[in-house]
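Participant: Just input_26.txt, nothing more (compact mmCIF, C-alpha atoms):
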```txt
# COMPACT_ATOMS: atom_id res chain seq x y z
CA MET A 1 0.00 0.00 0.00
CA TRP A 2 0.96 3.61 -0.36
CA SER A 3 1.92 4.32 3.22
CA GLY A 4 4.28 1.39 3.52
CA ARG A 5 6.32 2.41 0.53
CA PHE A 6 6.69 6.11 1.18
CA GLY A 7 8.27 6.47 4.57
CA GLY A 8 5.10 6.39 6.60
CA ARG A 9 3.66 9.53 5.09
CA THR A 10 0.21 9.20 3.60
CA PRO A 11 1.15 9.52 0.00
CA LEU A 12 -0.58 12.35 -1.60
CA PRO A 13 -4.18 11.84 -2.46
CA ILE A 14 -3.71 14.90 -4.63
CA LEU A 15 -1.43 12.87 -6.91
CA ALA A 16 -3.90 10.03 -7.11
CA LYS A 17 -6.68 12.48 -7.95
CA HIS A 18 -4.56 14.10 -10.63
CA VAL A 19 -3.43 10.87 -12.20
CA THR A 20 -6.96 9.48 -12.52
CA ARG A 21 -7.67 12.37 -14.87
CA TRP A 22 -4.55 11.54 -16.86
CA ALA A 23 -4.10 7.85 -17.54
CA MET A 24 -4.97 4.76 -15.56
CA PRO A 25 -3.78 1.65 -17.38
CA MET A 26 -2.92 -0.10 -14.10
CA PRO A 27 -4.26 0.47 -10.58
CA LEU A 28 -2.12 2.70 -8.38
CA ASP A 29 -1.55 0.10 -5.68
CA ALA A 30 -0.43 -2.53 -8.18
CA MET A 31 2.50 -0.30 -9.15
CA THR A 32 3.99 0.22 -5.73
CA ASP A 33 5.86 -3.08 -5.79
CA LEU A 34 7.64 -2.32 -9.05
CA THR A 35 11.25 -1.14 -9.02
CA ASP A 36 12.14 2.43 -9.95
CA ASN A 37 13.69 1.13 -13.14
CA ALA A 38 10.53 -0.70 -14.15
CA LEU A 39 8.39 2.32 -13.36
CA LEU A 40 10.61 4.57 -15.44
CA VAL A 41 10.28 2.23 -18.41
CA ARG A 42 6.50 2.20 -17.96
CA TYR A 43 6.46 6.00 -17.82
CA ALA A 44 8.49 6.15 -21.04
CA ASN A 45 5.85 3.90 -22.62
CA GLY A 46 3.07 6.31 -21.80
CA ASP A 47 1.98 5.15 -18.33
CA GLY A 48 0.84 8.09 -16.20
CA VAL A 49 0.38 6.07 -13.02
CA ALA A 50 4.06 5.09 -13.09
CA ALA A 51 4.91 8.79 -13.06
CA ALA A 52 2.73 9.33 -9.99
CA VAL A 53 4.38 6.48 -8.11
CA LEU A 54 7.87 7.66 -9.05
CA THR A 55 6.98 11.21 -8.02
CA ALA A 56 5.74 10.07 -4.64
CA ARG A 57 8.73 7.78 -4.14
CA LEU A 58 11.64 9.93 -5.35
CA THR A 59 10.64 13.56 -4.81
CA PRO A 60 10.87 13.48 -0.98
CA MET A 61 14.36 12.03 -1.25
CA VAL A 62 15.58 14.66 -3.72
CA TYR A 63 13.94 17.49 -1.82
CA ARG A 64 15.42 16.36 1.49
CA LEU A 65 18.91 16.16 0.00
CA ALA A 66 18.55 19.62 -1.54
CA MET A 67 17.34 21.02 1.77
CA ARG A 68 20.35 19.56 3.53
CA LEU A 69 22.80 20.87 0.97
CA LEU A 70 21.20 24.27 0.44
CA GLY A 71 19.37 24.97 3.69
CA ASN A 72 16.70 26.89 1.85
CA ALA A 73 13.22 25.61 1.00
CA ALA A 74 12.65 27.69 -2.14
CA ASP A 75 15.99 26.66 -3.65
CA ALA A 76 15.42 23.05 -2.62
CA GLU A 77 12.06 23.03 -4.40
CA ASP A 78 13.63 24.42 -7.57
CA VAL A 79 16.39 21.82 -7.48
CA ALA A 80 13.97 18.96 -6.82
CA GLN A 81 11.68 20.01 -9.65
CA GLU A 82 14.58 20.46 -12.09
CA ALA A 83 16.15 17.11 -11.16
CA MET A 84 12.84 15.29 -11.60
CA LEU A 85 12.21 17.07 -14.91
CA ARG A 86 15.57 15.78 -16.13
CA LEU A 87 14.55 12.29 -15.07
CA TRP A 88 11.33 12.52 -17.08
CA ARG A 89 13.23 13.75 -20.09
CA ILE A 90 15.86 11.02 -19.99
CA ALA A 91 13.26 8.27 -19.48
CA PRO A 92 12.97 7.23 -23.17
CA ASP A 93 16.75 6.74 -23.33
CA TRP A 94 17.10 5.22 -19.85
CA ARG A 95 19.51 2.28 -19.73
CA GLN A 96 18.49 0.01 -16.91
CA ASP A 97 21.90 -1.59 -16.50
CA GLU A 98 23.72 1.68 -15.86
CA ALA A 99 22.42 3.05 -12.57
CA LYS A 100 19.44 3.14 -10.29
CA PRO A 101 17.19 6.15 -10.87
CA SER A 102 17.68 7.15 -7.24
CA THR A 103 21.49 7.16 -7.60
CA TRP A 104 21.19 9.09 -10.86
CA LEU A 105 18.88 11.60 -9.15
CA TYR A 106 21.25 12.03 -6.22
CA ARG A 107 24.00 12.86 -8.70
CA VAL A 108 21.90 15.36 -10.65
CA ALA A 109 20.53 17.00 -7.51
CA THR A 110 24.00 17.22 -5.97
CA ASN A 111 25.36 18.93 -9.06
CA LEU A 112 22.41 21.32 -9.19
CA CYS A 113 22.95 22.21 -5.53
CA THR A 114 26.65 22.80 -6.14
CA ASP A 115 25.83 25.16 -9.01
CA ARG A 116 23.44 27.11 -6.79
CA LEU A 117 25.90 27.31 -3.94
CA ARG A 118 28.60 28.63 -6.26
CA ARG A 119 26.25 31.33 -7.50
CA ARG A 120 25.31 32.08 -3.93
CA ARG A 121 28.91 32.51 -2.76
CA SER A 122 28.78 36.22 -3.49
CA VAL A 123 26.06 36.55 -0.84
CA PRO A 124 27.39 36.71 2.75
CA LEU A 125 26.46 33.69 4.86
CA GLU A 126 24.67 35.93 7.36
CA ASP A 127 22.21 36.97 4.65
CA ILE A 128 21.16 33.42 3.91
CA ALA A 129 17.82 32.62 5.44
CA GLU A 130 17.90 30.35 8.44
CA PRO A 131 16.12 27.03 7.93
CA ALA A 132 12.65 27.21 9.35
CA ASP A 133 12.21 25.54 12.70
CA GLU A 134 9.30 23.21 12.05
CA THR A 135 9.68 21.18 15.22
CA PRO A 136 7.36 21.67 18.18
CA GLY A 137 8.72 24.04 20.79
CA ILE A 138 9.73 21.71 23.58
CA GLU A 139 13.21 22.17 24.97
CA HIS A 140 14.78 18.98 23.71
CA ARG A 141 13.67 19.54 20.18
CA MET A 142 14.74 23.14 20.33
CA HIS A 143 18.17 21.91 21.23
CA SER A 144 18.18 19.52 18.30
CA ALA A 145 17.02 22.26 15.97
CA VAL A 146 19.86 24.53 17.11
CA ARG A 147 22.35 21.74 16.42
CA ALA A 148 20.83 21.07 13.02
CA GLN A 149 21.00 24.75 12.12
CA ALA A 150 24.60 24.95 13.29
CA LEU A 151 25.44 21.96 11.13
CA THR A 152 23.74 23.55 8.11
CA LYS A 153 25.84 26.68 8.58
CA ALA A 154 29.03 24.70 9.10
CA LEU A 155 28.34 22.60 6.00
CA GLU A 156 28.02 25.79 3.98
CA THR A 157 31.65 26.60 4.67
CA LEU A 158 33.02 23.26 3.46
CA PRO A 159 34.36 22.80 -0.06
CA ASP A 160 31.65 21.43 -2.36
CA ARG A 161 32.88 17.85 -2.60
CA GLN A 162 33.48 17.51 1.14
CA ARG A 163 30.02 18.85 1.93
CA GLU A 164 28.39 16.50 -0.58
CA ALA A 165 30.27 13.47 0.70
CA VAL A 166 29.48 14.22 4.35
CA VAL A 167 25.78 14.86 3.66
CA LEU A 168 25.39 11.74 1.56
CA ARG A 169 27.20 9.60 4.13
CA HIS A 170 26.06 10.95 7.48
CA LEU A 171 22.67 12.51 6.71
CA GLU A 172 21.37 10.46 3.78
CA GLY A 173 22.98 7.29 5.14
CA LEU A 174 24.41 6.06 1.84
CA ALA A 175 27.29 3.61 1.63
CA ASN A 176 30.65 4.80 0.37
CA PRO A 177 30.50 2.84 -2.93
CA GLU A 178 27.19 4.47 -3.81
CA ILE A 179 28.56 7.89 -2.89
CA ALA A 180 31.54 7.15 -5.12
CA GLU A 181 29.15 6.40 -7.96
CA ILE A 182 27.17 9.58 -7.35
CA LEU A 183 30.23 11.80 -7.18
CA ALA A 184 32.03 9.85 -9.93
CA ILE A 185 35.15 9.32 -7.84
CA SER A 186 36.85 6.35 -6.17
CA VAL A 187 35.79 4.93 -2.81
CA GLU A 188 39.16 5.95 -1.37
CA ALA A 189 38.55 9.52 -2.50
CA VAL A 190 35.14 9.42 -0.79
CA GLU A 191 36.72 8.26 2.46
CA SER A 192 39.27 11.04 2.23
CA LEU A 193 36.61 13.69 1.55
CA ILE A 194 34.51 12.51 4.48
CA ALA A 195 37.49 12.47 6.84
CA ARG A 196 38.56 15.98 5.90
CA GLY A 197 34.97 17.22 6.01
CA LYS A 198 34.43 15.83 9.49
CA ARG A 199 37.63 17.40 10.75
CA ALA A 200 36.53 20.79 9.44
CA LEU A 201 33.05 20.37 10.91
CA ALA A 202 34.45 19.32 14.25
CA ALA A 203 36.67 22.41 14.38
CA GLN A 204 33.67 24.67 13.77
CA LEU A 205 31.05 22.94 15.87
CA LEU A 206 33.20 22.28 18.90
CA ALA A 207 34.02 25.96 19.00
CA GLN A 208 30.38 26.46 20.00
CA LYS A 209 29.95 23.29 22.03
CA ASP A 210 28.43 25.14 24.96
CA GLU A 211 25.65 26.66 22.88
CA LEU A 212 25.04 23.33 21.17
CA GLY A 213 25.12 21.30 24.35
CA LEU A 214 28.01 19.20 23.11
CA GLU A 215 30.05 19.29 26.29
CA LYS A 216 30.73 15.87 27.79
CA MET B 1 32.74 3.90 15.25
CA ASN B 2 35.50 6.42 14.75
CA ARG B 3 37.30 5.64 11.47
CA ASN B 4 39.08 8.95 11.38
CA PRO B 5 42.31 8.66 13.40
CA GLU B 6 42.68 12.42 13.58
CA ILE B 7 39.38 12.80 15.41
CA ASP B 8 39.22 11.43 18.93
CA ASP B 9 36.26 9.43 20.15
CA ASP B 10 34.75 12.31 22.13
CA THR B 11 34.80 14.57 19.10
CA ASP B 12 33.40 11.80 16.93
CA GLN B 13 30.53 11.25 19.37
CA ALA B 14 29.82 14.96 19.50
CA LEU B 15 29.64 15.05 15.71
CA GLU B 16 27.33 12.06 15.73
CA ARG B 17 24.97 13.93 18.07
CA VAL B 18 24.89 16.83 15.63
CA PHE B 19 24.26 14.48 12.72
CA ASP B 20 21.48 12.80 14.70
CA ALA B 21 19.85 16.16 15.30
CA ALA B 22 20.07 17.04 11.61
CA ARG B 23 18.67 13.67 10.57
CA ALA B 24 15.73 14.15 12.93
CA VAL B 25 14.64 17.33 11.18
CA GLU B 26 11.89 16.35 8.79
CA ASN B 27 11.80 18.10 5.47
CA PRO B 28 8.65 16.80 3.80
CA ALA B 29 8.28 17.81 0.21
CA PRO B 30 5.38 20.27 -0.17
CA ASP B 31 2.29 18.98 -1.95
CA ARG B 32 2.46 21.81 -4.47
CA LEU B 33 5.95 20.63 -5.43
CA MET B 34 4.75 17.06 -5.87
CA LEU B 35 1.89 18.23 -8.05
CA ALA B 36 4.15 20.48 -10.12
CA ILE B 37 6.53 17.58 -10.70
CA LEU B 38 3.69 15.30 -11.76
CA GLN B 39 2.42 17.97 -14.14
CA ASP B 40 5.93 18.22 -15.59
CA ALA B 41 5.90 14.46 -16.07
CA GLN B 42 2.62 14.66 -17.93
CA ARG B 43 3.83 17.58 -20.07
CA VAL B 44 7.03 15.93 -21.29
CA GLN B 45 5.88 12.31 -21.37
CA PRO B 46 6.77 10.56 -24.61
CA THR B 47 3.92 8.76 -26.38
CA PRO B 48 5.51 5.96 -28.37
CA MET B 49 2.36 3.83 -28.35
CA SER B 50 0.19 6.38 -30.12
CA LYS B 51 1.50 8.06 -33.25
CA PRO B 52 -0.23 11.30 -34.19
CA GLU B 53 -2.64 11.16 -37.11
CA PRO B 54 -1.16 12.65 -40.31
CA VAL B 55 -2.73 15.86 -41.50
CA ARG B 56 -5.16 15.22 -44.35
CA ARG B 57 -5.70 17.93 -46.92
CA GLY B 58 -8.21 16.25 -49.26
CA TRP B 59 -10.08 13.02 -49.74
CA PHE B 60 -7.28 11.43 -51.77
CA ASP B 61 -4.63 12.19 -49.12
CA GLY B 62 -6.31 9.75 -46.80
CA PHE B 63 -6.33 6.96 -49.39
CA ASN B 64 -3.20 4.95 -48.93
CA LEU B 65 -2.26 3.54 -52.32
CA GLY B 66 0.87 2.00 -50.90
CA ALA B 67 -1.18 -0.17 -48.56
CA VAL B 68 -3.50 -1.30 -51.34
CA PHE B 69 -0.71 -2.32 -53.72
CA ALA B 70 1.77 -3.35 -51.14
CA GLN B 71 1.67 -7.09 -51.83
CA TRP B 72 2.65 -8.80 -55.08
CA PRO B 73 -0.44 -11.08 -55.45
CA ALA B 74 -2.65 -8.03 -55.54
CA ALA B 75 -0.43 -6.50 -58.18
CA ALA B 76 -0.50 -9.72 -60.27
CA VAL B 77 -4.29 -9.92 -60.18
CA LEU B 78 -4.52 -6.28 -61.14
CA ALA B 79 -2.19 -6.82 -64.12
CA ALA B 80 -4.25 -9.82 -65.32
CA CYS B 81 -7.49 -7.82 -65.09
CA LEU B 82 -5.88 -4.98 -66.96
CA GLY B 83 -4.73 -7.30 -69.76
CA ALA B 84 -8.20 -8.88 -70.05
CA GLY B 85 -9.80 -5.45 -70.19
CA VAL B 86 -7.55 -4.37 -73.03
CA PHE B 87 -8.25 -7.58 -74.95
CA ILE B 88 -12.02 -7.27 -74.56
CA GLY B 89 -11.91 -3.64 -75.55
CA TYR B 90 -9.98 -4.13 -78.77
CA ALA B 91 -11.06 -7.58 -79.97
CA ALA B 92 -13.99 -7.97 -82.42
CA PRO B 93 -17.18 -9.69 -81.08
CA GLU B 94 -16.69 -12.82 -83.24
CA GLU B 95 -13.29 -13.25 -81.68
CA ILE B 96 -14.72 -12.84 -78.23
CA SER B 97 -17.45 -15.41 -78.63
CA PRO B 98 -15.21 -18.47 -79.23
CA PHE B 99 -13.11 -17.26 -76.43
CA THR B 100 -15.98 -16.95 -73.96
CA ASP B 101 -17.55 -20.21 -75.21
CA SER B 102 -14.32 -22.01 -74.57
CA LEU B 103 -14.41 -20.67 -71.05
CA THR B 104 -18.04 -21.62 -70.41
CA GLY B 105 -18.05 -24.89 -72.38
CA ALA B 106 -20.86 -23.77 -74.75
CA GLN B 107 -21.05 -24.71 -78.48
CA ALA B 108 -19.76 -22.14 -80.88
CA SER B 109 -22.50 -20.66 -83.08
CA SER B 110 -22.36 -18.45 -86.09
CA GLY B 111 -25.38 -16.27 -85.21
CA LEU B 112 -27.72 -15.27 -82.49
CA ASP B 113 -30.42 -17.66 -81.41
CA THR B 114 -33.54 -15.53 -81.73
CA ASP B 115 -35.69 -17.98 -79.72
CA THR B 116 -33.88 -17.05 -76.64
CA TYR B 117 -34.90 -13.40 -76.97
CA PHE B 118 -38.21 -11.89 -76.01
CA SER B 119 -40.23 -10.25 -78.71
CA LEU B 120 -42.37 -7.26 -77.93
CA ASP B 121 -44.75 -8.30 -80.71
CA GLY B 122 -45.35 -11.68 -79.15
CA LEU B 123 -46.20 -10.14 -75.83
CA LEU B 124 -48.66 -7.72 -77.38
CA SER B 125 -50.39 -10.42 -79.49
CA GLU B 126 -51.10 -12.72 -76.57
CA GLY B 127 -53.96 -11.95 -74.65
```
Let me see the structure of the file written as structure tokens.

Facilitator:
Amino acid sequence: MWSGRFGGRTPLPILAKHVTRWAMPMPLDAMTDLTDNALLVRYANGDGVAAAVLTARLTPMVYRLAMRLLGNAADAEDVAQEAMLRLWRIAPDWRQDEAKPSTWLYRVATNLCTDRLRRRRSVPLEDIAEPADETPGIEHRMHSAVRAQALTKALETLPDRQREAVVLRHLEGLANPEIAEILAISVEAVESLIARGKRALAAQLLAQKDELGLEK
Amino acid sequence: MNRNPEIDDDTDQALERVFDAARAVENPAPDRLMLAILQDAQRVQPTPMSKPEPVRRGWFDGFNLGAVFAQWPAAAVLAACLGAGVFIGYAAPEEISPFTDSLTGAQASSGLDTDTYFSLDGLLSEG
């Protein structure tokens, strides 16, 4: 069912409503067990329901990554929409043996985020909007939110490749070989980027360990 | 587990707490974004299973001669009919008759058998 396949979130009745007006060659639920590759092939063959399932499955992942790399909701939305648009456009030429659509999307979204951050470099970090605090206002969660915001700021100061490697490894939870595939570098290079990125983060975050509650 | 020898365990644990906090922040994709992405998918979706109808300018444009004459048996039959038509058109009637009689198995005759034809006079004289 929908909820089991999409991280517990009730998956978008609005998509289901939209797709019923588009094309319905196969029931929505019957598609949720198909792989991303299979769905992409179905989409390329004119199946609108496959597009709805892929949208519900992949968009949260791309948006979350963009939020973590950019720290800005409007930019993250733009990146997610552009990355997904590129996926739709490449669908007819998709080669199933090359990569998983999710890995391909991570790569595209990462590159799009890097481009945006490079354009943004001329803007002082202080002028960049703070990520919205969407957590309820109890003390523990406030503390977590402060740490998360501090990490977002610290990540902004890392070189692009270090930031991408650290986010993919420690926030997205990907394995080093997959990160290597996304960044098109060797696994050893990934390990090196992560190590250097963590050292730089540690230097910044531990300087404010009292505010972040990181003392022993 | 600390795999970075230049970071001590305390520092590594502190970093992990920060990562945990960042992972706990939910960033659900807005519904309007999901809908916009689905609309993009619809807009750029290829349609290999349904070719667009060709534009027709007149009645003859829609008549596909290629499909009609595409196969050689059809062409052979057409050529035979054409040859027969030319022969019938140019040959004299007396040359046709033996030919058609040979096809139907009838006896060749030199003239018309008038008994087989109705006469208007006969109809008027009866009754």

Participant: Tell me the residues of chain A close to chain B, meaning within 7 Å using only C-alpha atoms, as a ChimeraX atom specification.

Facilitator: /A:15,44-46,51-52,55,59-60,63-64,77,81,84-85,88-89,144-145,147-148,151,170-171,195,199,202,214

Participant: Any idea what the distance is between CA of Val166 in chain A and CA of Val53 in chain A?

Facilitator: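 Calculated distance between CA of Val166 in chain A and CA of Val53 in chain A is 29.1 Å.
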
Participant: Quick one: distance from CA of Val62 in chain A to CA of Ala83 in chain A in Å, one decimal?

Facilitator: 7.9 Å

Participant: Quick check, in Å to one decimal: how far apart do CA of Leu117 in chain A and CA of Val167 in chain A lie?

Facilitator: 14.6 Å

Participant: Padding 8 Å on each side, edges along x, y and z: where is the centre of the box around the listed atoms of range 143-150 of chain A, and how long are its edges in Å to one decimal? Output it as lines of an AutoDock Vina configuration file.

Facilitator:
```
center_x = 20.8
center_y = 22.2
center_z = 16.7
size_x = 23.6
size_y = 21.4
size_z = 25.1
```

Participant: Please determine, counting only C-alpha atoms, which residue among A:Ala38, A:Leu70, A:Val146, A:Leu112 has the shortest atom-to-atom distance to Gln96 in chain A.

Facilitator: A:Ala38

Participant: Extract, using all atoms listed in the file, all DNA, RNA and protein residues at most 10 Å from Glu181 in chain A, discarding same-chain residues fewer than 4 positions from it, and format them as a list in words.

Facilitator: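 Those residues are Ala99, Thr103, Trp104, Tyr106, Arg107, Asn176, Pro177, Ile185, Ser186, Val187 and Val190 of chain A.
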
Participant: When you look at Leu54 in chain A with a cut-off of 8 Å (counting all atoms listed in the file), what residues show up, excluding the ones that are within fewer than 5 positions of it in the same chain? I need them as a ChimeraX atom specification.

Facilitator: /A:36,39-40,59

Participant: Starting from the sparse input, extend range 68-84 of chain B to N, CA and C atoms and give the output as a compact mmCIF listing (two decimals), in the coordinates of the input.

Facilitator:
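Writing the result to out_20.txt gives the following:
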```txt
# COMPACT_ATOMS: atom_id res chain seq x y z
N VAL B 68 -2.67 -0.50 -50.44
CA VAL B 68 -3.50 -1.30 -51.34
C VAL B 68 -2.64 -2.18 -52.24
N PHE B 69 -1.54 -1.58 -52.76
CA PHE B 69 -0.71 -2.32 -53.72
C PHE B 69 0.57 -2.84 -53.09
N ALA B 70 0.53 -3.02 -51.82
CA ALA B 70 1.77 -3.35 -51.14
C ALA B 70 2.22 -4.78 -51.44
N GLN B 71 1.29 -5.69 -51.73
CA GLN B 71 1.67 -7.09 -51.83
C GLN B 71 1.60 -7.57 -53.30
N TRP B 72 2.53 -8.41 -53.68
CA TRP B 72 2.65 -8.80 -55.08
C TRP B 72 1.45 -9.58 -55.63
N PRO B 73 0.73 -10.41 -54.85
CA PRO B 73 -0.44 -11.08 -55.45
C PRO B 73 -1.49 -10.07 -55.91
N ALA B 74 -1.68 -9.03 -55.14
CA ALA B 74 -2.65 -8.03 -55.54
C ALA B 74 -2.22 -7.38 -56.84
N ALA B 75 -0.94 -7.13 -56.97
CA ALA B 75 -0.43 -6.50 -58.18
C ALA B 75 -0.59 -7.44 -59.38
N ALA B 76 -0.37 -8.75 -59.18
CA ALA B 76 -0.50 -9.72 -60.27
C ALA B 76 -1.94 -9.81 -60.76
N VAL B 77 -2.88 -9.85 -59.81
CA VAL B 77 -4.29 -9.92 -60.18
C VAL B 77 -4.69 -8.66 -60.94
N LEU B 78 -4.20 -7.54 -60.48
CA LEU B 78 -4.52 -6.28 -61.14
C LEU B 78 -4.00 -6.28 -62.58
N ALA B 79 -2.78 -6.79 -62.77
CA ALA B 79 -2.19 -6.82 -64.12
C ALA B 79 -3.00 -7.74 -65.03
N ALA B 80 -3.45 -8.90 -64.53
CA ALA B 80 -4.25 -9.82 -65.32
C ALA B 80 -5.57 -9.18 -65.75
N CYS B 81 -6.22 -8.49 -64.79
CA CYS B 81 -7.49 -7.82 -65.09
C CYS B 81 -7.28 -6.74 -66.15
N LEU B 82 -6.17 -6.05 -66.02
CA LEU B 82 -5.88 -4.98 -66.96
C LEU B 82 -5.69 -5.55 -68.36
N GLY B 83 -4.96 -6.66 -68.46
CA GLY B 83 -4.73 -7.30 -69.76
C GLY B 83 -6.04 -7.78 -70.37
N ALA B 84 -6.91 -8.40 -69.56
CA ALA B 84 -8.20 -8.88 -70.05
C ALA B 84 -9.05 -7.72 -70.53
```
